[in-house]
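S.K.: Submitted below is the structure of interest, expressed as structure tokens.
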Amino acid sequence: MLAIVKSTALHGLDGQVVQVEVDVSNGLPCFDLVGLPDPAVREARDRVRAALKNSGFEYPLGRITVNLAPADIRKEGPLYDLPIAAGILAATGQLDADVLGRYVFIGELSLNGALRRVTGVLPNVLAAREQGCREVIVPLENAREAALVQGMKIYPVGSLEQLNNFLRGTEEIAPYWADPGDLLAASGQGGEEPDLADVKGHAAAKRALEVAAAGGHNVLMIGSPGSGKTMLARRLPGILPDLAFEEALEVTKIHSLAGMLTPEQPLVTRRPFRAPHHTASAVSLVGGGRYPRPGEISLAHRGVLFLDELPEYPRDVLESLRQPLEDRVVTISRVNAAVTYPASIVLIAAMNPCPCGYHGDSAQNCTCTPYQVQRYLNRISGPLLDRIDLHLEVPRLDYRELNDSARGETSAAVKKRVNQAWAIQQERFGSAAWNAQMTPAQVRKYCSLTKEAKMLLQTAFRQLNLSNRAHDRILMTARTIADLDGGGVISAAHLAEAIQYRSVRIK
């Protein structure tokens, strides 16, 4: 007999419904699995056999052929265990094949017949909805994640025996429902965000972080060891606007595919903060592998990517950042596949001014030669620096500033101003876009300058030898500063502050 069961397959973050065709016929006992399965899928034959026997079902002693159609799409992961087992039960008459046609099946089987959670459930269920399916059977531990997809009936199942009872009508399973608003409002992952008020001094750096948060601008901080660069960077997520549900769903899809979600926290409710070590490879940062997976840039989507000790990263890793910072997506091309992952990030980079770290320091002498300093700075290419809007010097604090008992402005107060500027941008663009993402046409349309500002920009363009990209990025930054000031035309004061952030000489 032939039975057809529906499941899903992913290609990057996109997916489609897969037909799991199971044929059981007379012949020598064997199990053939075709349709471009990966090793985890091929191992399903052993898990399914043991799970069926240990759950009290009859395993057919004949020729079993399983085809995962369409056969030209690679199938990955153990999520096909459940649809294969259901197909065998239907093909042998132990389940009604007509009833199975209503559902999409996703789940891994243990040898005793229990269902285990799988990764990538959210993008798989979204793919099922896009293909017109409305009912999905998933493992219990994946139910909250799957229920994030609106308009779907999610049936959580704990074992093959429970699935059999449900499909036969002897046991009722209520569709799982989760309120996305409640999940989004939950305090969620970990404790409170680090507060900007904990940072002593550094008023100029705090102002720059406020501008970066309001407009989504990239930042480079330069200072001697221990001056507070990392402390400042870790407080940026706390002043970014809260994630909207649509944004949270985008981020959660990527983290689901990477297997980073937990049953207790199925929705990413805070903007990500990723801080890879400087020994990270280009593949781990950008993504890739034989079968492409998202890297740190995509895992930081809608959040912050922090690169400490920037010149210590390999040159190929730094240069791989150029295209994602410009296009806000990562395209990974391999022989087996080419996939695109989103990469809308705020890059925060930190570096020392020289190899020893004390070039220009007020308290300790530098031991580096001019050649060593220049060679160290040359590890960062001009095109990469051009894509970073705010260049900051973070000087060492003196004793008086360090021991000042006065508490600085809190992240909540700064975030209030950021949200006001964010609301202006939402009204301007009509979508979840930052000023830093403006196209050249949008720069010309929205970055109107006063007469004095135009003259100032002309002077800066000549004296600082700015590129065309730097010219536009100064305008984007000035637009954000003007938005923090209530919106309207960009004045000379707004533009002067934006130019100041490009005036730090690095090369």
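Chain labels follow the order of the structure tokens: the first chain is A, the next B, and so on; residue numbering restarts at 1 in every chain, and ligands are counted from 1 in their shown order.
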Residues near A:Val104, anyone? I mean within 8 Å using only C-alpha atoms, not counting same-chain ones fewer than 4 positions away, as a PyMOL selection string.
M.R.: chain A and resi 5-8+128+133+135-137
S.K.: What lies within 10 Å of A:Ile474 using only C-alpha atoms, ignoring chain neighbours under 6 positions off, as a short mmCIF file (atom, residue, chain, number, x, y, z; two decimals) with C-alpha atoms, in the first residue's frame?
M.R.:
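Output contents, as saved in out.cif:
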```cif
data_model
loop_
_atom_site.label_atom_id
_atom_site.label_comp_id
_atom_site.auth_asym_id
_atom_site.auth_seq_id
_atom_site.Cartn_x
_atom_site.Cartn_y
_atom_site.Cartn_z
CA ASP A 389 29.36 56.27 10.90
CA LEU A 390 30.63 57.25 14.35
CA ALA A 436 21.24 54.47 8.65
CA LEU A 457 29.29 70.28 4.62
CA LEU A 466 35.46 62.47 2.34
CA THR A 480 19.22 61.22 13.28
CA LEU A 495 25.61 68.69 10.88
CA ALA A 496 28.59 69.86 12.94
CA GLU A 497 27.98 67.09 15.48
CA ALA A 498 27.73 64.52 12.69
CA ILE A 499 30.97 65.74 11.11
CA GLN A 500 32.68 65.59 14.48
CA TYR A 501 32.07 61.85 14.58
CA ARG A 502 34.01 61.46 11.31
#
```
S.K.: Enumerate the residues of stretch 227-444 of chain A with a DSSP assignment of strand (DSSP E or B), computed from the backbone, and present them as a VMD selection string.
M.R.: chain A and resid 273 to 274 287 to 288 293 to 294 304 to 307 329 to 333 338 to 342 346 to 351 390 to 393
S.K.: Using the chain letters and numbers from this document, which residues of stretch 387-427 of chain A does DSSP assign to helix (DSSP H, G or I), as a PyMOL selection string?
M.R.: chain A and resi 399-402+411-427
S.K.: So that I have them on file, write out the residues from the current selection with N, CA and C atoms, as a compact mmCIF listing (two decimals), in the first residue's frame.
M.R.:
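Output file out.txt follows:
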```txt
# COMPACT_ATOMS: atom_id res chain seq x y z
N TYR A 399 40.93 60.31 38.31
CA TYR A 399 40.44 59.78 39.59
C TYR A 399 39.17 60.47 40.05
N ARG A 400 39.09 61.77 39.82
CA ARG A 400 37.91 62.52 40.27
C ARG A 400 36.65 62.02 39.58
N GLU A 401 36.72 61.79 38.27
CA GLU A 401 35.55 61.29 37.53
C GLU A 401 35.19 59.87 37.97
N LEU A 402 36.21 59.06 38.21
CA LEU A 402 35.98 57.66 38.55
C LEU A 402 35.30 57.51 39.91
N SER A 411 19.53 54.44 31.51
CA SER A 411 19.19 53.95 30.17
C SER A 411 17.74 54.23 29.84
N ALA A 412 16.86 54.17 30.83
CA ALA A 412 15.43 54.40 30.59
C ALA A 412 15.19 55.82 30.10
N ALA A 413 15.90 56.80 30.67
CA ALA A 413 15.72 58.19 30.23
C ALA A 413 16.24 58.38 28.80
N VAL A 414 17.39 57.78 28.50
CA VAL A 414 17.92 57.88 27.14
C VAL A 414 17.01 57.16 26.15
N LYS A 415 16.52 56.00 26.56
CA LYS A 415 15.65 55.21 25.67
C LYS A 415 14.37 55.96 25.32
N LYS A 416 13.89 56.79 26.23
CA LYS A 416 12.68 57.57 25.96
C LYS A 416 12.91 58.51 24.79
N ARG A 417 14.07 59.17 24.77
CA ARG A 417 14.40 60.06 23.64
C ARG A 417 14.61 59.26 22.36
N VAL A 418 15.25 58.10 22.50
CA VAL A 418 15.48 57.25 21.33
C VAL A 418 14.15 56.80 20.72
N ASN A 419 13.21 56.43 21.57
CA ASN A 419 11.90 56.00 21.07
C ASN A 419 11.17 57.13 20.34
N GLN A 420 11.33 58.36 20.81
CA GLN A 420 10.70 59.50 20.14
C GLN A 420 11.30 59.70 18.75
N ALA A 421 12.63 59.60 18.65
CA ALA A 421 13.28 59.70 17.34
C ALA A 421 12.90 58.53 16.44
N TRP A 422 12.77 57.34 17.04
CA TRP A 422 12.37 56.14 16.30
C TRP A 422 10.98 56.30 15.73
N ALA A 423 10.07 56.90 16.51
CA ALA A 423 8.71 57.11 16.03
C ALA A 423 8.68 58.05 14.83
N ILE A 424 9.56 59.05 14.84
CA ILE A 424 9.64 59.97 13.69
C ILE A 424 10.08 59.20 12.44
N GLN A 425 11.04 58.29 12.60
CA GLN A 425 11.51 57.50 11.45
C GLN A 425 10.44 56.54 10.96
N GLN A 426 9.67 55.96 11.89
CA GLN A 426 8.58 55.07 11.49
C GLN A 426 7.56 55.81 10.63
N GLU A 427 7.26 57.02 11.04
CA GLU A 427 6.31 57.82 10.27
C GLU A 427 6.89 58.22 8.92
```
S.K.: For stretch 323-329 of chain A, list every protein, DNA or RNA residue within 9 Å, evaluated using only C-alpha atoms, and leave out those in the same chain fewer than 6 positions away; present the list as a list in words.
M.R.: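 Here the qualifying residues turn out to be Asn218, Val286, Ile297, Ser298, His301, Thr340, Tyr341, Pro342, Ala343, Ser344, Ile345, Val346, Leu347, Leu384, Arg387, Ile388 and Gln437 of chain A.
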S.K.: May I ask which of the residues A:Val24, A:Val157, A:Ala300, A:Val219 is the closest one to A:Arg207, counting only C-alpha atoms?
M.R.: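 Under the stated criterion, the closest residue is A:Val219.
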S.K.: Please provide as number ranges by chain all residues within 12 Å of A:Glu21, with the sequence filter that same-chain residues fewer than 5 positions apart are discarded (counting only C-alpha atoms).
M.R.: A: 1-7, 32-35, 64-71, 80, 83-88, 90-91, 97, 101
S.K.: Convert the current residue selection to file output with N, CA and C atoms, as a PDB file, in the first residue's frame.
M.R.:
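New file result-v4.pdb:
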```pdb
ATOM      1  N   MET A   1       0.826  -1.196   0.000  1.00  0.00           N
ATOM      2  CA  MET A   1       0.000   0.000   0.000  1.00  0.00           C
ATOM      3  C   MET A   1       0.865   1.253   0.000  1.00  0.00           C
ATOM      4  N   LEU A   2       0.289   2.339  -0.470  1.00  0.00           N
ATOM      5  CA  LEU A   2       0.983   3.618  -0.530  1.00  0.00           C
ATOM      6  C   LEU A   2       0.277   4.618   0.380  1.00  0.00           C
ATOM      7  N   ALA A   3       1.042   5.341   1.163  1.00  0.00           N
ATOM      8  CA  ALA A   3       0.512   6.408   2.017  1.00  0.00           C
ATOM      9  C   ALA A   3       1.347   7.657   1.808  1.00  0.00           C
ATOM     10  N   ILE A   4       0.691   8.827   1.856  1.00  0.00           N
ATOM     11  CA  ILE A   4       1.381  10.103   1.668  1.00  0.00           C
ATOM     12  C   ILE A   4       1.112  10.975   2.894  1.00  0.00           C
ATOM     13  N   VAL A   5       2.208  11.449   3.502  1.00  0.00           N
ATOM     14  CA  VAL A   5       2.140  12.287   4.698  1.00  0.00           C
ATOM     15  C   VAL A   5       2.884  13.585   4.409  1.00  0.00           C
ATOM     16  N   LYS A   6       2.374  14.693   4.939  1.00  0.00           N
ATOM     17  CA  LYS A   6       2.999  15.997   4.693  1.00  0.00           C
ATOM     18  C   LYS A   6       3.965  16.374   5.813  1.00  0.00           C
ATOM     19  N   SER A   7       5.102  16.921   5.403  1.00  0.00           N
ATOM     20  CA  SER A   7       6.060  17.513   6.328  1.00  0.00           C
ATOM     21  C   SER A   7       6.615  18.772   5.651  1.00  0.00           C
ATOM     22  N   ASP A  32      14.314   1.421   2.110  1.00  0.00           N
ATOM     23  CA  ASP A  32      14.984   2.343   1.194  1.00  0.00           C
ATOM     24  C   ASP A  32      14.456   3.754   1.416  1.00  0.00           C
ATOM     25  N   LEU A  33      15.361   4.703   1.612  1.00  0.00           N
ATOM     26  CA  LEU A  33      14.989   6.102   1.842  1.00  0.00           C
ATOM     27  C   LEU A  33      15.635   6.950   0.763  1.00  0.00           C
ATOM     28  N   VAL A  34      14.821   7.599  -0.067  1.00  0.00           N
ATOM     29  CA  VAL A  34      15.323   8.400  -1.181  1.00  0.00           C
ATOM     30  C   VAL A  34      14.712   9.795  -1.111  1.00  0.00           C
ATOM     31  N   GLY A  35      15.246  10.703  -1.946  1.00  0.00           N
ATOM     32  CA  GLY A  35      14.746  12.076  -1.964  1.00  0.00           C
ATOM     33  C   GLY A  35      15.748  13.072  -1.430  1.00  0.00           C
ATOM     34  N   ILE A  64      10.064  -1.659   2.298  1.00  0.00           N
ATOM     35  CA  ILE A  64       9.571  -0.316   2.609  1.00  0.00           C
ATOM     36  C   ILE A  64      10.373   0.695   1.804  1.00  0.00           C
ATOM     37  N   THR A  65       9.670   1.484   1.014  1.00  0.00           N
ATOM     38  CA  THR A  65      10.323   2.549   0.242  1.00  0.00           C
ATOM     39  C   THR A  65       9.732   3.883   0.662  1.00  0.00           C
ATOM     40  N   VAL A  66      10.607   4.796   1.069  1.00  0.00           N
ATOM     41  CA  VAL A  66      10.181   6.136   1.486  1.00  0.00           C
ATOM     42  C   VAL A  66      10.806   7.153   0.550  1.00  0.00           C
ATOM     43  N   ASN A  67       9.967   7.975  -0.055  1.00  0.00           N
ATOM     44  CA  ASN A  67      10.438   9.031  -0.951  1.00  0.00           C
ATOM     45  C   ASN A  67      10.048  10.392  -0.377  1.00  0.00           C
ATOM     46  N   LEU A  68      11.033  11.269  -0.259  1.00  0.00           N
ATOM     47  CA  LEU A  68      10.799  12.636   0.220  1.00  0.00           C
ATOM     48  C   LEU A  68      10.743  13.546  -1.001  1.00  0.00           C
ATOM     49  N   ALA A  69       9.534  13.937  -1.377  1.00  0.00           N
ATOM     50  CA  ALA A  69       9.348  14.705  -2.609  1.00  0.00           C
ATOM     51  C   ALA A  69       9.011  16.167  -2.289  1.00  0.00           C
ATOM     52  N   PRO A  70       9.532  17.121  -3.096  1.00  0.00           N
ATOM     53  CA  PRO A  70      10.329  16.932  -4.305  1.00  0.00           C
ATOM     54  C   PRO A  70      11.748  16.459  -3.996  1.00  0.00           C
ATOM     55  N   ALA A  71      12.260  15.619  -4.881  1.00  0.00           N
ATOM     56  CA  ALA A  71      13.518  14.937  -4.620  1.00  0.00           C
ATOM     57  C   ALA A  71      14.743  15.795  -4.897  1.00  0.00           C
ATOM     58  N   TYR A  80      11.914  14.327  10.193  1.00  0.00           N
ATOM     59  CA  TYR A  80      11.129  13.434   9.334  1.00  0.00           C
ATOM     60  C   TYR A  80      10.814  12.095  10.004  1.00  0.00           C
ATOM     61  N   PRO A  83       6.782  11.917  10.466  1.00  0.00           N
ATOM     62  CA  PRO A  83       5.998  11.654   9.260  1.00  0.00           C
ATOM     63  C   PRO A  83       6.291  10.289   8.629  1.00  0.00           C
ATOM     64  N   ILE A  84       7.533   9.804   8.726  1.00  0.00           N
ATOM     65  CA  ILE A  84       7.853   8.477   8.178  1.00  0.00           C
ATOM     66  C   ILE A  84       7.125   7.396   8.975  1.00  0.00           C
ATOM     67  N   ALA A  85       7.155   7.527  10.296  1.00  0.00           N
ATOM     68  CA  ALA A  85       6.459   6.539  11.124  1.00  0.00           C
ATOM     69  C   ALA A  85       4.957   6.564  10.866  1.00  0.00           C
ATOM     70  N   ALA A  86       4.376   7.761  10.759  1.00  0.00           N
ATOM     71  CA  ALA A  86       2.944   7.867  10.480  1.00  0.00           C
ATOM     72  C   ALA A  86       2.616   7.275   9.107  1.00  0.00           C
ATOM     73  N   GLY A  87       3.505   7.479   8.146  1.00  0.00           N
ATOM     74  CA  GLY A  87       3.290   6.929   6.813  1.00  0.00           C
ATOM     75  C   GLY A  87       3.308   5.410   6.806  1.00  0.00           C
ATOM     76  N   ILE A  88       4.233   4.807   7.564  1.00  0.00           N
ATOM     77  CA  ILE A  88       4.300   3.347   7.649  1.00  0.00           C
ATOM     78  C   ILE A  88       3.034   2.793   8.299  1.00  0.00           C
ATOM     79  N   ALA A  90       0.089   4.162   8.250  1.00  0.00           N
ATOM     80  CA  ALA A  90      -1.023   4.302   7.305  1.00  0.00           C
ATOM     81  C   ALA A  90      -0.915   3.300   6.172  1.00  0.00           C
ATOM     82  N   ALA A  91       0.307   3.057   5.690  1.00  0.00           N
ATOM     83  CA  ALA A  91       0.494   2.119   4.573  1.00  0.00           C
ATOM     84  C   ALA A  91       0.197   0.687   4.974  1.00  0.00           C
ATOM     85  N   ALA A  97      -5.349   6.583   6.380  1.00  0.00           N
ATOM     86  CA  ALA A  97      -4.554   7.470   5.536  1.00  0.00           C
ATOM     87  C   ALA A  97      -5.285   8.767   5.221  1.00  0.00           C
ATOM     88  N   GLY A 101      -3.997  13.150   5.978  1.00  0.00           N
ATOM     89  CA  GLY A 101      -3.863  14.195   4.976  1.00  0.00           C
ATOM     90  C   GLY A 101      -4.175  15.582   5.483  1.00  0.00           C
TER      91      GLY A 101
END
```
S.K.: Would you list the contacts of stretch 360-372 of chain A as a ChimeraX atom specification, taking every protein, DNA or RNA residue within 12 Å and counting only C-alpha atoms, but skipping same-chain residues closer than 6 positions in sequence?
M.R.: /A:222-227,352-354,378-379,393-399
S.K.: Go ahead and write the selection's residues with N, CA and C atoms as a PDB file, in the first residue's frame.
M.R.:
```pdb
ATOM      1  N   ILE A 222      37.756  54.007  20.143  1.00  0.00           N
ATOM      2  CA  ILE A 222      39.207  53.870  20.231  1.00  0.00           C
ATOM      3  C   ILE A 222      39.654  54.390  21.582  1.00  0.00           C
ATOM      4  N   GLY A 223      40.404  53.583  22.303  1.00  0.00           N
ATOM      5  CA  GLY A 223      40.881  54.022  23.611  1.00  0.00           C
ATOM      6  C   GLY A 223      41.824  53.017  24.222  1.00  0.00           C
ATOM      7  N   SER A 224      42.530  53.440  25.250  1.00  0.00           N
ATOM      8  CA  SER A 224      43.500  52.569  25.908  1.00  0.00           C
ATOM      9  C   SER A 224      42.789  51.475  26.705  1.00  0.00           C
ATOM     10  N   PRO A 225      43.482  50.405  27.075  1.00  0.00           N
ATOM     11  CA  PRO A 225      42.845  49.317  27.818  1.00  0.00           C
ATOM     12  C   PRO A 225      42.222  49.799  29.119  1.00  0.00           C
ATOM     13  N   GLY A 226      41.003  49.320  29.395  1.00  0.00           N
ATOM     14  CA  GLY A 226      40.341  49.665  30.635  1.00  0.00           C
ATOM     15  C   GLY A 226      39.659  51.009  30.654  1.00  0.00           C
ATOM     16  N   SER A 227      39.567  51.670  29.527  1.00  0.00           N
ATOM     17  CA  SER A 227      38.952  53.002  29.509  1.00  0.00           C
ATOM     18  C   SER A 227      37.425  52.946  29.532  1.00  0.00           C
ATOM     19  N   ASN A 352      42.265  49.313  20.491  1.00  0.00           N
ATOM     20  CA  ASN A 352      43.302  50.127  21.101  1.00  0.00           C
ATOM     21  C   ASN A 352      43.954  50.989  20.030  1.00  0.00           C
ATOM     22  N   PRO A 353      44.587  52.070  20.393  1.00  0.00           N
ATOM     23  CA  PRO A 353      45.207  52.933  19.383  1.00  0.00           C
ATOM     24  C   PRO A 353      46.536  52.409  18.848  1.00  0.00           C
ATOM     25  N   CYS A 354      47.089  51.359  19.475  1.00  0.00           N
ATOM     26  CA  CYS A 354      48.377  50.806  19.041  1.00  0.00           C
ATOM     27  C   CYS A 354      48.524  49.412  19.647  1.00  0.00           C
ATOM     28  N   ASN A 378      46.645  49.851  10.070  1.00  0.00           N
ATOM     29  CA  ASN A 378      46.396  49.445   8.683  1.00  0.00           C
ATOM     30  C   ASN A 378      45.699  48.096   8.566  1.00  0.00           C
ATOM     31  N   ARG A 379      45.543  47.398   9.686  1.00  0.00           N
ATOM     32  CA  ARG A 379      44.806  46.138   9.643  1.00  0.00           C
ATOM     33  C   ARG A 379      43.319  46.374   9.341  1.00  0.00           C
ATOM     34  N   GLU A 393      36.758  58.664  20.298  1.00  0.00           N
ATOM     35  CA  GLU A 393      37.870  58.451  21.208  1.00  0.00           C
ATOM     36  C   GLU A 393      37.311  58.299  22.622  1.00  0.00           C
ATOM     37  N   VAL A 394      37.698  57.230  23.293  1.00  0.00           N
ATOM     38  CA  VAL A 394      37.238  56.971  24.664  1.00  0.00           C
ATOM     39  C   VAL A 394      38.454  57.089  25.575  1.00  0.00           C
ATOM     40  N   PRO A 395      38.684  58.282  26.127  1.00  0.00           N
ATOM     41  CA  PRO A 395      39.899  58.496  26.929  1.00  0.00           C
ATOM     42  C   PRO A 395      39.805  57.866  28.309  1.00  0.00           C
ATOM     43  N   ARG A 396      40.961  57.723  28.931  1.00  0.00           N
ATOM     44  CA  ARG A 396      41.020  57.235  30.306  1.00  0.00           C
ATOM     45  C   ARG A 396      40.390  58.275  31.248  1.00  0.00           C
ATOM     46  N   LEU A 397      39.642  57.809  32.241  1.00  0.00           N
ATOM     47  CA  LEU A 397      39.053  58.708  33.230  1.00  0.00           C
ATOM     48  C   LEU A 397      40.084  59.069  34.299  1.00  0.00           C
ATOM     49  N   ASP A 398      40.006  60.309  34.801  1.00  0.00           N
ATOM     50  CA  ASP A 398      40.862  60.650  35.928  1.00  0.00           C
ATOM     51  C   ASP A 398      40.200  60.204  37.232  1.00  0.00           C
ATOM     52  N   TYR A 399      40.926  60.310  38.309  1.00  0.00           N
ATOM     53  CA  TYR A 399      40.443  59.780  39.592  1.00  0.00           C
ATOM     54  C   TYR A 399      39.172  60.474  40.051  1.00  0.00           C
TER      55      TYR A 399
END
```
S.K.: Counting only C-alpha atoms, what is within 12 Å of A:Gly107, bar same-chain residues fewer than 3 positions away, as a ChimeraX atom specification?
M.R.: /A:7-8,41,44,47-48,77-86,104,110,113-121,124-125,136-143,146,155-160,163
S.K.: Counting only C-alpha atoms, which of A:Gly430, A:Pro39, A:Pro241, A:Gly295 gets nearest to A:Leu257?
M.R.: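 Distance minimum relative to A:Leu257 lands on A:Gly295.
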S.K.: Tell me which protein, DNA and RNA residues are within 10 Å of A:Glu409, counting only C-alpha atoms, leaving out same-chain ones fewer than 6 positions away, and put them as a list of chain:residue names.
M.R.: A:Asp195, A:Leu196, A:Ala197, A:Asp198, A:Val199, A:Ala203, A:Lys206
